[in-house]
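**Q** Encoded as structure tokens, here's the structure I'll be asking about.
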Amino acid sequence: MKIYQQIIRPTLVLVLIASLVAAALALTYNLAGVEKVANAGYTPEQLAEYAAVALPEADNLTQKTVTPSTEEMEDSLLYVYTADNGAGTALVVVSKGYASDGITMMVGLDTEGQPVGVKVIKNAETPGIGDKVCANEEFHQQVADTIREGGEPDVIAGATKSSNGIIGGVRTAVSIYQTLEKEGALA
């Protein structure tokens, strides 16, 4: 009897409470549509904010559905948006920086597939070092301009991996754009 009151009964009560809480969380998750929101891309307000930097001549962005056809797309491409006014295309890509989570950025490309601008959306780079590179819009613009002109962008001293993450992301976006263009996926 002591075993039941001291061990089994409290264990059963805890299992029951944990099961009820898990069921309530699952119900809340499904009713709130969290999965749909998490996989839906970005809100119109977010798109306008990102595009103002990455593709400033775009009036409105419309998401395009593309099927990844290369390993590069599979690994890096999150979303493809086209400007309704024909100003270009914006690709949301993930590039490897210092942190394993990568750097998520929107890269704006003109109608020739050349970089116009970059907006870092999310990063987990080292606070005070790599995250400063991710917040440095002047550096992002220098990277886009230098790559567009066929040059090799400089990295920021002390944050080489984060700098290379931004540079790599822009180069990846250009490469993916060229592949999508060849496949006719942007038409």
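Ordered as shown in the structure tokens, chains take letters A, B, and onward, while each chain numbers its residues from 1 and ligands are numbered from 1 in the order shown.
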Please, which residues of stretch 68-166 of chain A, numbered as in this document, come out strand (DSSP E) from DSSP, as a ChimeraX atom specification?

**A** /A:77-83,89-95,103-109,115-123

**Q** Find the residues near A:Val155: any atom within 9 Å, counting only C-alpha atoms, skip ones fewer than 6 places away on the same chain, and give them as a ChimeraX atom specification.

**A** /A:139,161-164,167

**Q** If I take atom CA of A:Gln142 and atom CA of A:Tyr79, how far is one from the other in Å, to one decimal?

**A**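 About the pair atom CA of A:Gln142 and atom CA of A:Tyr79: they are 23.4 Å apart.
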
**Q** Can you pull out every residue within 12 Å of stretch 82-92 of chain A, counting only C-alpha atoms, but drop anything in the same chain fewer than 6 positions away, and send it as an mmCIF file with N, CA and C atoms, in the first residue's frame?

**A**
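Once everything was written out, this is out_20.cif:
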data_model
loop_
_atom_site.group_PDB
_atom_site.id
_atom_site.type_symbol
_atom_site.label_atom_id
_atom_site.label_comp_id
_atom_site.auth_asym_id
_atom_site.auth_seq_id
_atom_site.Cartn_x
_atom_site.Cartn_y
_atom_site.Cartn_z
ATOM 1 N N GLY A 41 6.327 32.034 -45.848
ATOM 2 C CA GLY A 41 7.186 33.103 -46.336
ATOM 3 C C GLY A 41 7.110 34.294 -45.399
ATOM 4 N N TYR A 42 6.981 35.475 -45.983
ATOM 5 C CA TYR A 42 7.021 36.697 -45.189
ATOM 6 C C TYR A 42 5.748 37.498 -45.409
ATOM 7 N N LEU A 47 8.134 41.959 -46.455
ATOM 8 C CA LEU A 47 8.636 42.002 -47.831
ATOM 9 C C LEU A 47 8.956 43.420 -48.255
ATOM 10 N N ALA A 48 8.080 44.356 -47.925
ATOM 11 C CA ALA A 48 8.313 45.754 -48.290
ATOM 12 C C ALA A 48 9.573 46.277 -47.615
ATOM 13 N N TYR A 50 12.222 44.472 -46.516
ATOM 14 C CA TYR A 50 13.404 43.821 -47.081
ATOM 15 C C TYR A 50 13.677 44.317 -48.499
ATOM 16 N N ALA A 51 12.623 44.413 -49.287
ATOM 17 C CA ALA A 51 12.778 44.825 -50.689
ATOM 18 C C ALA A 51 13.237 46.271 -50.808
ATOM 19 N N ALA A 52 12.888 47.119 -49.852
ATOM 20 C CA ALA A 52 13.316 48.520 -49.897
ATOM 21 C C ALA A 52 14.834 48.612 -49.935
ATOM 22 N N VAL A 53 15.510 47.628 -49.360
ATOM 23 C CA VAL A 53 16.965 47.612 -49.357
ATOM 24 C C VAL A 53 17.495 46.727 -50.491
ATOM 25 N N ALA A 54 16.942 45.525 -50.612
ATOM 26 C CA ALA A 54 17.481 44.558 -51.568
ATOM 27 C C ALA A 54 17.115 44.866 -53.016
ATOM 28 N N LEU A 55 15.903 45.343 -53.246
ATOM 29 C CA LEU A 55 15.442 45.624 -54.603
ATOM 30 C C LEU A 55 14.586 46.889 -54.561
ATOM 31 N N PRO A 56 15.237 48.044 -54.364
ATOM 32 C CA PRO A 56 14.503 49.279 -54.082
ATOM 33 C C PRO A 56 13.554 49.740 -55.188
ATOM 34 N N GLU A 57 13.783 49.349 -56.425
ATOM 35 C CA GLU A 57 12.904 49.790 -57.502
ATOM 36 C C GLU A 57 11.644 48.940 -57.633
ATOM 37 N N ALA A 58 11.551 47.869 -56.860
ATOM 38 C CA ALA A 58 10.372 46.999 -56.910
ATOM 39 C C ALA A 58 9.190 47.686 -56.243
ATOM 40 N N ASP A 59 8.036 47.577 -56.872
ATOM 41 C CA ASP A 59 6.839 48.159 -56.268
ATOM 42 C C ASP A 59 6.164 47.167 -55.325
ATOM 43 N N ASN A 60 6.132 45.916 -55.705
ATOM 44 C CA ASN A 60 5.492 44.875 -54.920
ATOM 45 C C ASN A 60 6.132 43.552 -55.317
ATOM 46 N N LEU A 61 6.305 42.657 -54.365
ATOM 47 C CA LEU A 61 6.904 41.358 -54.667
ATOM 48 C C LEU A 61 5.853 40.259 -54.606
ATOM 49 N N THR A 62 5.933 39.354 -55.570
ATOM 50 C CA THR A 62 5.046 38.201 -55.610
ATOM 51 C C THR A 62 5.900 36.947 -55.533
ATOM 52 N N GLN A 63 5.518 36.045 -54.627
ATOM 53 C CA GLN A 63 6.291 34.820 -54.452
ATOM 54 C C GLN A 63 6.064 33.885 -55.634
ATOM 55 N N LYS A 64 7.149 33.286 -56.114
ATOM 56 C CA LYS A 64 7.088 32.284 -57.176
ATOM 57 C C LYS A 64 7.435 30.934 -56.571
ATOM 58 N N THR A 65 6.745 29.925 -57.019
ATOM 59 C CA THR A 65 7.044 28.578 -56.570
ATOM 60 C C THR A 65 7.988 27.934 -57.575
ATOM 61 N N VAL A 66 9.129 27.506 -57.104
ATOM 62 C CA VAL A 66 10.105 26.832 -57.965
ATOM 63 C C VAL A 66 10.495 25.509 -57.316
ATOM 64 N N MET A 73 20.565 24.886 -54.983
ATOM 65 C CA MET A 73 19.218 25.382 -54.672
ATOM 66 C C MET A 73 18.650 24.666 -53.461
ATOM 67 N N ASP A 75 20.163 23.338 -50.987
ATOM 68 C CA ASP A 75 20.850 23.720 -49.755
ATOM 69 C C ASP A 75 20.639 25.178 -49.355
ATOM 70 N N SER A 76 20.449 26.064 -50.325
ATOM 71 C CA SER A 76 20.512 27.497 -50.030
ATOM 72 C C SER A 76 19.240 28.281 -50.273
ATOM 73 N N ILE A 103 23.362 32.531 -42.409
ATOM 74 C CA ILE A 103 22.869 33.900 -42.525
ATOM 75 C C ILE A 103 21.763 33.881 -43.567
ATOM 76 N N THR A 104 20.561 34.265 -43.164
ATOM 77 C CA THR A 104 19.431 34.330 -44.093
ATOM 78 C C THR A 104 19.366 35.744 -44.632
ATOM 79 N N MET A 105 19.359 35.879 -45.962
ATOM 80 C CA MET A 105 19.357 37.207 -46.570
ATOM 81 C C MET A 105 18.507 37.238 -47.823
ATOM 82 N N MET A 106 17.991 38.420 -48.113
ATOM 83 C CA MET A 106 17.316 38.655 -49.383
ATOM 84 C C MET A 106 18.310 39.376 -50.280
ATOM 85 N N VAL A 107 18.517 38.811 -51.468
ATOM 86 C CA VAL A 107 19.415 39.415 -52.448
ATOM 87 C C VAL A 107 18.560 39.867 -53.626
ATOM 88 N N GLY A 108 18.593 41.159 -53.902
ATOM 89 C CA GLY A 108 17.863 41.701 -55.037
ATOM 90 C C GLY A 108 18.720 41.629 -56.288
ATOM 91 N N LEU A 109 18.130 41.167 -57.378
ATOM 92 C CA LEU A 109 18.849 41.024 -58.646
ATOM 93 C C LEU A 109 18.069 41.759 -59.729
ATOM 94 N N ASP A 110 18.786 42.489 -60.586
ATOM 95 C CA ASP A 110 18.102 43.194 -61.670
ATOM 96 C C ASP A 110 17.674 42.194 -62.740
ATOM 97 N N THR A 111 17.132 42.684 -63.833
ATOM 98 C CA THR A 111 16.610 41.800 -64.878
ATOM 99 C C THR A 111 17.705 41.037 -65.611
ATOM 100 N N GLU A 112 18.950 41.429 -65.404
ATOM 101 C CA GLU A 112 20.089 40.716 -65.998
ATOM 102 C C GLU A 112 20.703 39.720 -65.010
ATOM 103 N N GLY A 113 20.137 39.660 -63.803
ATOM 104 C CA GLY A 113 20.653 38.743 -62.789
ATOM 105 C C GLY A 113 21.838 39.275 -62.016
ATOM 106 N N GLN A 114 22.051 40.572 -62.071
ATOM 107 C CA GLN A 114 23.163 41.188 -61.342
ATOM 108 C C GLN A 114 22.663 41.731 -60.002
ATOM 109 N N PRO A 115 23.468 41.593 -58.940
ATOM 110 C CA PRO A 115 23.010 42.027 -57.613
ATOM 111 C C PRO A 115 22.798 43.535 -57.533
ATOM 112 N N VAL A 116 21.702 43.896 -56.903
ATOM 113 C CA VAL A 116 21.339 45.299 -56.711
ATOM 114 C C VAL A 116 21.492 45.689 -55.243
ATOM 115 N N GLY A 117 21.108 44.782 -54.352
ATOM 116 C CA GLY A 117 21.170 45.075 -52.929
ATOM 117 C C GLY A 117 21.022 43.805 -52.103
ATOM 118 N N VAL A 118 21.308 43.929 -50.814
ATOM 119 C CA VAL A 118 21.266 42.799 -49.894
ATOM 120 C C VAL A 118 20.618 43.260 -48.592
ATOM 121 N N LYS A 119 19.725 42.442 -48.067
ATOM 122 C CA LYS A 119 19.135 42.702 -46.758
ATOM 123 C C LYS A 119 19.237 41.431 -45.924
ATOM 124 N N VAL A 120 20.014 41.478 -44.836
ATOM 125 C CA VAL A 120 20.110 40.324 -43.942
ATOM 126 C C VAL A 120 18.824 40.266 -43.127
ATOM 127 N N ILE A 121 18.194 39.111 -43.161
ATOM 128 C CA ILE A 121 16.915 38.914 -42.480
ATOM 129 C C ILE A 121 17.123 38.296 -41.102
ATOM 130 N N LYS A 122 18.048 37.346 -41.031
ATOM 131 C CA LYS A 122 18.254 36.626 -39.776
ATOM 132 C C LYS A 122 19.684 36.113 -39.734
ATOM 133 N N GLY A 169 26.635 34.386 -50.027
ATOM 134 C CA GLY A 169 25.189 34.431 -50.238
ATOM 135 C C GLY A 169 24.824 35.179 -51.507
ATOM 136 N N VAL A 170 25.516 36.285 -51.761
ATOM 137 C CA VAL A 170 25.244 37.063 -52.979
ATOM 138 C C VAL A 170 25.666 36.251 -54.203
ATOM 139 N N ARG A 171 26.830 35.639 -54.141
ATOM 140 C CA ARG A 171 27.288 34.808 -55.273
ATOM 141 C C ARG A 171 26.331 33.632 -55.512
ATOM 142 N N THR A 172 25.868 33.024 -54.452
ATOM 143 C CA THR A 172 24.916 31.913 -54.566
ATOM 144 C C THR A 172 23.618 32.383 -55.209
ATOM 145 N N ALA A 173 23.127 33.546 -54.787
ATOM 146 C CA ALA A 173 21.886 34.083 -55.371
ATOM 147 C C ALA A 173 22.056 34.325 -56.869
ATOM 148 N N VAL A 174 23.200 34.867 -57.276
ATOM 149 C CA VAL A 174 23.459 35.110 -58.700
ATOM 150 C C VAL A 174 23.467 33.780 -59.456
ATOM 151 N N SER A 175 24.130 32.791 -58.901
ATOM 152 C CA SER A 175 24.207 31.479 -59.541
ATOM 153 C C SER A 175 22.829 30.830 -59.659
ATOM 154 N N ILE A 176 22.053 30.893 -58.582
ATOM 155 C CA ILE A 176 20.707 30.306 -58.602
ATOM 156 C C ILE A 176 19.832 31.049 -59.610
ATOM 157 N N TYR A 177 19.944 32.367 -59.655
ATOM 158 C CA TYR A 177 19.173 33.148 -60.632
ATOM 159 C C TYR A 177 19.487 32.667 -62.049
ATOM 160 N N GLN A 178 20.768 32.486 -62.343
ATOM 161 C CA GLN A 178 21.165 32.048 -63.689
ATOM 162 C C GLN A 178 20.563 30.681 -64.014
ATOM 163 N N LEU A 180 17.790 29.360 -62.651
ATOM 164 C CA LEU A 180 16.338 29.536 -62.809
ATOM 165 C C LEU A 180 16.002 30.175 -64.146
ATOM 166 N N GLU A 181 16.818 31.109 -64.567
ATOM 167 C CA GLU A 181 16.613 31.790 -65.862
ATOM 168 C C GLU A 181 16.745 30.772 -67.007
ATOM 169 N N ALA A 185 12.165 29.242 -65.225
ATOM 170 C CA ALA A 185 11.337 29.269 -64.007
ATOM 171 C C ALA A 185 10.936 30.674 -63.590
ATOM 172 N N LEU A 186 11.555 31.698 -64.168
ATOM 173 C CA LEU A 186 11.243 33.073 -63.766
ATOM 174 C C LEU A 186 10.281 33.742 -64.738
ATOM 175 N N ALA A 187 9.900 33.053 -65.792
ATOM 176 C CA ALA A 187 9.004 33.637 -66.807
ATOM 177 C C ALA A 187 7.584 33.733 -66.305
#

**Q** Once you count only C-alpha atoms, what closest atom pair and distance in Å to one decimal does each residue of stretch 119-175 of chain A within 8 Å of stretch 98-102 of chain A have, with rows by chain and rising residue number, as JSON lines?

**A**
{"residue": "A:Asn123", "atom": "CA", "partner": "A:Gly102", "partner_atom": "CA", "distance": 6.4}
{"residue": "A:Ala124", "atom": "CA", "partner": "A:Ala99", "partner_atom": "CA", "distance": 5.9}
{"residue": "A:Glu125", "atom": "CA", "partner": "A:Ala99", "partner_atom": "CA", "distance": 5.2}
{"residue": "A:Thr126", "atom": "CA", "partner": "A:Ala99", "partner_atom": "CA", "distance": 7.3}
{"residue": "A:Gly130", "atom": "CA", "partner": "A:Tyr98", "partner_atom": "CA", "distance": 7.4}
{"residue": "A:Lys161", "atom": "CA", "partner": "A:Tyr98", "partner_atom": "CA", "distance": 5.2}
{"residue": "A:Ser162", "atom": "CA", "partner": "A:Tyr98", "partner_atom": "CA", "distance": 5.5}
{"residue": "A:Gly165", "atom": "CA", "partner": "A:Tyr98", "partner_atom": "CA", "distance": 7.6}

**Q** Using C-alpha atoms, can you export the residues from the last selection as a compact mmCIF listing (two decimals), in the first residue's frame?

**A**
# COMPACT_ATOMS: atom_id res chain seq x y z
CA ASN A 123 21.61 35.59 -38.38
CA ALA A 124 23.17 33.88 -35.38
CA GLU A 125 26.66 35.27 -35.86
CA THR A 126 28.91 36.10 -32.90
CA GLY A 130 29.90 38.80 -36.91
CA LYS A 161 33.74 34.11 -41.94
CA SER A 162 30.70 36.35 -41.50
CA GLY A 165 28.96 34.44 -45.59

**Q** Using Å and a single decimal, report how far atom CA of A:Tyr81 sits from atom CA of A:Ile166.

**A**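 These two atoms are separated by 19.4 Å.
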
**Q** Taking only C-alpha atoms into account, which of A:Glu137, A:Glu74, A:Glu45, A:Asp131 comes nearest A:Ala159?

**A**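 Closest to A:Ala159 of all the choices is A:Asp131.
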
**Q** So that I can check the secondary structure, give me every residue of chain A assigned helix (DSSP H, G or I) by backbone DSSP, as a PyMOL selection string.

**A** chain A and resi 2-32+34-38+44-54+71-76+130-135+137-148+160-183

**Q** Between atom CA of A:Val94 and atom CA of A:Leu77, what is the spacing in Å?

**A**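 One can read the atom CA of A:Leu77 to atom CA of A:Val94 distance as 6.6 Å.
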
**Q** Check the smallest atom-to-atom distance from each of A:Glu183, A:Ala22, A:Pro127, A:Gly168 to A:Thr70 using only C-alpha atoms, then report the winner.

**A** A:Glu183
